[in-house]
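Take a look at the structure set out below.
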Amino acid sequence: MSAIKIDGKAYAERLRGHVAQAVKALPAQPGLAVVLVGEDPASQVYVRSKAKFTVETGMRSIEHKLPADISEDALVSLVRDLNADPEVDGILVQLPLPKGLNSDRVIEEIHPDKDVDGLTEASAGRLSLGKKGLRPCTPTGCVMLAKDTLGDLSGKHCVVLGRSILVGKPAALLFLEQNCTVTIAHSRTKDLASVCREADILVPAVGRPQMVQAEWIKPGACVIDVGINRVPSQRFEGKTRLVGDVDYKPARDVAGSITPVPGGVGPMTIACLLRNTVIAACHRRGWDVPSILDF
Ligand SMILES: Nc1nc2c(c(=O)[nH]1)N[C@@H](CN(C=O)c1ccc(C(=O)N[C@@H](CCC(=O)O)C(=O)O)cc1)CN2
């Protein structure tokens with residue numbers, strides 16, 4: 001039997017609708033500042049979408065586009081200005097930064113109250129201590145999709161494949177917050193296939209095209225594929241297509257539910273960013289967070 005296709009695009013659209021409703025009920029418009037350095041084509045597309053959806057949900061979008069040869073000090077100085085600007089509720093520095101710029105240093109300059117990407121040490125510390133704070137967007141999207149598909153996640157065995165700071169590690173902690181039993185597997189894990197086969201919820205986040213085979217999946221498992229990999233098209237010469245970290249077609253015959261790529265986890269990233277911007281604005285300005293944003 002073929003797995004249920006988890007429609008991340010539709011869920012993200014619904015979530016943006018909830019964000020728009022939440023924004024309407026606020027006393028003032030939240031503002032999101034996005035900083036793009038250089039001209040990486042994928043980053044340009046993501047930043048354009050972020051600005052578009054920010055405005056569509058009724059918020060203010062503040063864009064800073066900077067040349068790739070900007071100095072790290074100038075970038076840090078911009079982040080400090082945005083920290084001090086009362087009209088800015090959320091700050092995001094689009095990653096990756098061009099070579100020569102230390103993203104750790106730049107990210108760390110973002111004030112934790114405005115850290116809508118949830119990537120500063122303060123946000124990561126809050127997450128690991130189980131304290132309230134802004135949570136990273138893609139991992140939050142993964143949990144939302146898993147909960148929407150399976151309901152209560154308590155007691156389920158979640159295997160996160162990958163240990164990146166952007167996705168793997170925070171995803172593991174967020175599934176732990178949902179009372180899952182969590183395993184983090186990675187490139188040095190022995191017998192990766194058997195570890196993955198233990199998972200009720202499998203979350204591959206390694207950036208290796210179609211690495212996860214159908215035989216690695218427990219029959220009926222929920223597969224949340226975080227990978228977004230561009231590979232050469234087999235049908236059209238010179239063209240590319242997007243694939244996940246999972247070999248999707250055969251996996252569909254084994255999994256109970258699975259996210260496609262594109263249209264799965266990817267769209268959740270921006271929807272969760274918008275949600276975080278509203279949450280950041282509410283915390284900073286002393287407003288109640290609208291319950292429509294709960295999940
Ligand atoms: N500061 C950040 N930088 C980056 C993040 C992030 O969360 N914060 N994540 C990624 C890029 N990203 C958002 O910034 C992002 C990636 C993918 C998608 C998405 O909707 N993907 C679509 C396919 C789009 C396509 O055709 O290329 C999908 O999967 O359906 C949205 C946002 C790295 N940088």
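Residues are named by chain letter and number: chains run A, B, ... in the order of the structure tokens, numbers start at 1 in each chain, and ligands are numbered from 1 in the order shown.
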
Inset, instruction - Could you report the residues within 9 Å of ligand 1, using only C-alpha atoms and all ligand atoms, as a PyMOL selection string? - result: chain A and resi 8-9+34-35+42-43+45-47+49-50+92-97+107+116-119+136-138+166-167+226-230+241-244+260-271+273

Could you save those same residues with N, CA and C atoms as a short mmCIF file (atom, residue, chain, number, x, y, z; two decimals), in the first residue's frame?
```cif
data_model
loop_
_atom_site.label_atom_id
_atom_site.label_comp_id
_atom_site.auth_asym_id
_atom_site.auth_seq_id
_atom_site.Cartn_x
_atom_site.Cartn_y
_atom_site.Cartn_z
N GLY A 8 3.16 19.33 2.95
CA GLY A 8 3.75 20.45 3.69
C GLY A 8 3.36 21.80 3.09
N LYS A 9 3.15 21.80 1.78
CA LYS A 9 2.79 23.06 1.12
C LYS A 9 1.42 23.55 1.62
N VAL A 34 15.37 41.04 7.21
CA VAL A 34 16.12 39.93 6.61
C VAL A 34 17.38 40.50 5.96
N VAL A 35 18.52 39.89 6.30
CA VAL A 35 19.79 40.37 5.78
C VAL A 35 20.33 39.33 4.79
N ALA A 42 19.96 30.64 -4.85
CA ALA A 42 18.95 30.00 -3.98
C ALA A 42 18.59 30.93 -2.83
N SER A 43 19.60 31.56 -2.22
CA SER A 43 19.34 32.47 -1.10
C SER A 43 18.47 33.64 -1.55
N VAL A 45 16.21 33.59 -3.86
CA VAL A 45 14.83 33.10 -3.99
C VAL A 45 14.18 33.01 -2.61
N TYR A 46 14.89 32.43 -1.63
CA TYR A 46 14.32 32.26 -0.29
C TYR A 46 14.00 33.61 0.34
N VAL A 47 14.94 34.57 0.17
CA VAL A 47 14.75 35.89 0.78
C VAL A 47 13.56 36.61 0.14
N SER A 49 10.93 35.14 -1.15
CA SER A 49 9.72 34.50 -0.60
C SER A 49 9.45 34.97 0.82
N LYS A 50 10.50 35.12 1.59
CA LYS A 50 10.32 35.56 2.99
C LYS A 50 9.67 36.94 3.02
N LEU A 92 16.88 38.14 10.81
CA LEU A 92 17.34 36.89 10.21
C LEU A 92 18.50 37.19 9.26
N VAL A 93 19.58 36.48 9.41
CA VAL A 93 20.70 36.59 8.46
C VAL A 93 20.66 35.34 7.59
N GLN A 94 20.42 35.51 6.30
CA GLN A 94 20.28 34.36 5.41
C GLN A 94 21.60 33.59 5.32
N LEU A 95 21.52 32.28 5.44
CA LEU A 95 22.70 31.40 5.37
C LEU A 95 22.67 30.58 4.10
N PRO A 96 23.78 30.19 3.54
CA PRO A 96 25.13 30.43 4.06
C PRO A 96 25.61 31.84 3.72
N LEU A 97 26.52 32.36 4.56
CA LEU A 97 27.17 33.63 4.23
C LEU A 97 28.31 33.36 3.26
N ILE A 107 25.76 35.66 13.64
CA ILE A 107 24.50 35.18 14.24
C ILE A 107 24.48 35.51 15.74
N VAL A 116 14.62 35.16 15.41
CA VAL A 116 13.49 34.38 14.86
C VAL A 116 13.92 33.10 14.14
N ASP A 117 15.23 32.96 13.90
CA ASP A 117 15.76 31.72 13.35
C ASP A 117 16.07 30.70 14.46
N GLY A 118 16.13 31.20 15.68
CA GLY A 118 16.42 30.33 16.83
C GLY A 118 17.82 29.74 16.81
N LEU A 119 18.78 30.51 16.28
CA LEU A 119 20.12 29.94 16.07
C LEU A 119 21.20 30.46 17.03
N PRO A 136 14.15 26.95 16.31
CA PRO A 136 14.53 26.95 14.88
C PRO A 136 13.37 26.51 13.98
N CYS A 137 13.30 27.12 12.80
CA CYS A 137 12.10 27.02 11.95
C CYS A 137 11.93 25.64 11.31
N THR A 138 12.93 25.15 10.60
CA THR A 138 12.77 23.87 9.89
C THR A 138 12.44 22.73 10.86
N LEU A 166 21.63 23.64 12.34
CA LEU A 166 20.41 24.22 11.77
C LEU A 166 19.22 23.27 11.90
N VAL A 167 19.44 21.96 11.73
CA VAL A 167 18.30 21.03 11.73
C VAL A 167 18.45 19.85 12.70
N VAL A 226 13.94 15.98 5.36
CA VAL A 226 14.38 17.38 5.41
C VAL A 226 15.28 17.73 4.22
N GLY A 227 15.83 16.73 3.57
CA GLY A 227 16.79 16.99 2.50
C GLY A 227 16.18 17.73 1.32
N ILE A 228 16.88 18.74 0.82
CA ILE A 228 16.49 19.41 -0.43
C ILE A 228 17.74 19.43 -1.29
N ASN A 229 17.84 18.47 -2.21
CA ASN A 229 19.07 18.31 -3.00
C ASN A 229 18.75 18.51 -4.48
N ARG A 230 19.58 19.32 -5.13
CA ARG A 230 19.40 19.55 -6.57
C ARG A 230 20.29 18.57 -7.33
N ARG A 241 16.62 18.75 -10.96
CA ARG A 241 15.37 18.55 -10.22
C ARG A 241 15.71 18.42 -8.75
N LEU A 242 14.70 18.57 -7.90
CA LEU A 242 14.93 18.48 -6.46
C LEU A 242 14.59 17.09 -5.97
N VAL A 243 15.45 16.52 -5.14
CA VAL A 243 15.13 15.25 -4.48
C VAL A 243 15.47 15.38 -2.99
N GLY A 244 14.87 14.54 -2.20
CA GLY A 244 15.15 14.55 -0.76
C GLY A 244 16.31 13.63 -0.41
N PRO A 260 6.90 14.70 0.63
CA PRO A 260 7.58 14.74 -0.68
C PRO A 260 8.63 15.85 -0.71
N VAL A 261 9.48 15.82 -1.68
CA VAL A 261 10.42 16.93 -1.95
C VAL A 261 10.36 17.21 -3.45
N PRO A 262 9.96 18.41 -3.87
CA PRO A 262 9.57 19.56 -3.05
C PRO A 262 8.16 19.38 -2.49
N GLY A 263 7.76 20.34 -1.66
CA GLY A 263 6.37 20.38 -1.17
C GLY A 263 6.16 19.72 0.19
N GLY A 264 7.27 19.39 0.87
CA GLY A 264 7.14 18.78 2.19
C GLY A 264 7.58 19.73 3.29
N VAL A 265 8.78 19.46 3.81
CA VAL A 265 9.29 20.28 4.93
C VAL A 265 9.66 21.70 4.47
N GLY A 266 10.20 21.84 3.25
CA GLY A 266 10.71 23.14 2.77
C GLY A 266 9.76 24.30 3.03
N PRO A 267 8.52 24.24 2.55
CA PRO A 267 7.61 25.38 2.74
C PRO A 267 7.32 25.70 4.22
N MET A 268 7.51 24.70 5.10
CA MET A 268 7.26 24.94 6.52
C MET A 268 8.27 25.91 7.12
N THR A 269 9.49 25.94 6.54
CA THR A 269 10.55 26.79 7.11
C THR A 269 10.11 28.25 7.15
N ILE A 270 9.57 28.74 6.05
CA ILE A 270 9.20 30.16 6.00
C ILE A 270 7.93 30.41 6.82
N ALA A 271 6.98 29.47 6.77
CA ALA A 271 5.76 29.65 7.56
C ALA A 271 6.10 29.72 9.06
N LEU A 273 8.94 30.69 10.29
CA LEU A 273 9.64 31.96 10.51
C LEU A 273 8.63 33.09 10.77
#
```

Inset, instruction - Name all residues at most 12 Å from A:Leu134 (count only C-alpha atoms; drop same-chain ones fewer than 5 positions away) and give them as a PyMOL selection string. - result: chain A and resi 90-91+111-128+139-140+170+174+272-284

Inset, instruction - Apply DSSP to the structure's backbone, then extract all residues of stretch 50-96 of chain A labelled helix (DSSP H, G or I) and return them as a ChimeraX atom specification. - result: /A:50-56,72-84

Inset, instruction - May I ask for the distance between atom CA of A:Lys24 and atom CA of A:Thr54, given in Å to one decimal place? - result: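 Atom-to-atom, atom CA of A:Lys24 to atom CA of A:Thr54, that is 13.0 Å.
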
Legend entry - Residues of stretch 162-287 of chain A in strand (DSSP E), written as a list of chain:residue names: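 Answer for stretch 162-287 of chain A restricted to strand (DSSP E) is A:Thr181, A:Val182, A:Thr183, A:Ile184, A:Ala185, A:Ile201, A:Leu202, A:Val203, A:Pro204, A:Cys222, A:Val223, A:Asn229, A:Arg230, A:Val231, A:Pro232, A:Thr240, A:Arg241, A:Leu242, A:Val243, A:Ser257, A:Ile258.
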
Inset, instruction - Show which residues sit within 8 Å of A:Cys158, as an NGL selection string. Count only C-alpha atoms, and ignore same-chain residues fewer than 5 positions away. - result: :A and (172 or 175 or 180-183 or 199-203)

Legend entry - Top pick for closest residue to A:Gly162, considering A:Lys132, A:Lys190, A:Arg208, A:Arg16 and counting only C-alpha atoms: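 Comparing A:Lys132, A:Lys190, A:Arg208, A:Arg16 against A:Gly162, the winner is A:Arg208.
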
Inset, instruction - Would you kindly return, as a VMD selection string, each protein, DNA or RNA residue with an atom no farther than 8 Å from any atom of A:Ala33, considering only C-alpha atoms and excluding same-chain residues fewer than 3 positions away? - result: chain A and resid 61 to 64 82 88 to 92

Inset, instruction - Tell me, as a ChimeraX atom specification, which residues lie within 6 Å of stretch 218-222 of chain A, counting only C-alpha atoms; anything in the same chain fewer than 5 positions away does not count. - result: /A:197,200-201,254-258

Keeping only C-alpha atoms, write the selected residues to a file as a tab-separated table (two decimals), in the first residue's frame.
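Saved to out_33.tsv:
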```tsv
chain	number	residue	atom	x	y	z
A	197	ARG	CA	14.54	0.73	10.81
A	200	ASP	CA	8.38	5.22	14.20
A	201	ILE	CA	9.32	8.69	12.96
A	254	VAL	CA	6.93	0.85	2.94
A	255	ALA	CA	6.25	4.03	4.93
A	256	GLY	CA	2.85	4.81	6.44
A	257	SER	CA	3.25	8.51	5.65
A	258	ILE	CA	5.99	10.53	3.97
```

Inset, instruction - Calculate how many Å separate atom CA of A:Ser71 from atom CA of A:Asn102, rounding to one decimal. - result: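 Here the two named atoms are 10.3 Å from each other.
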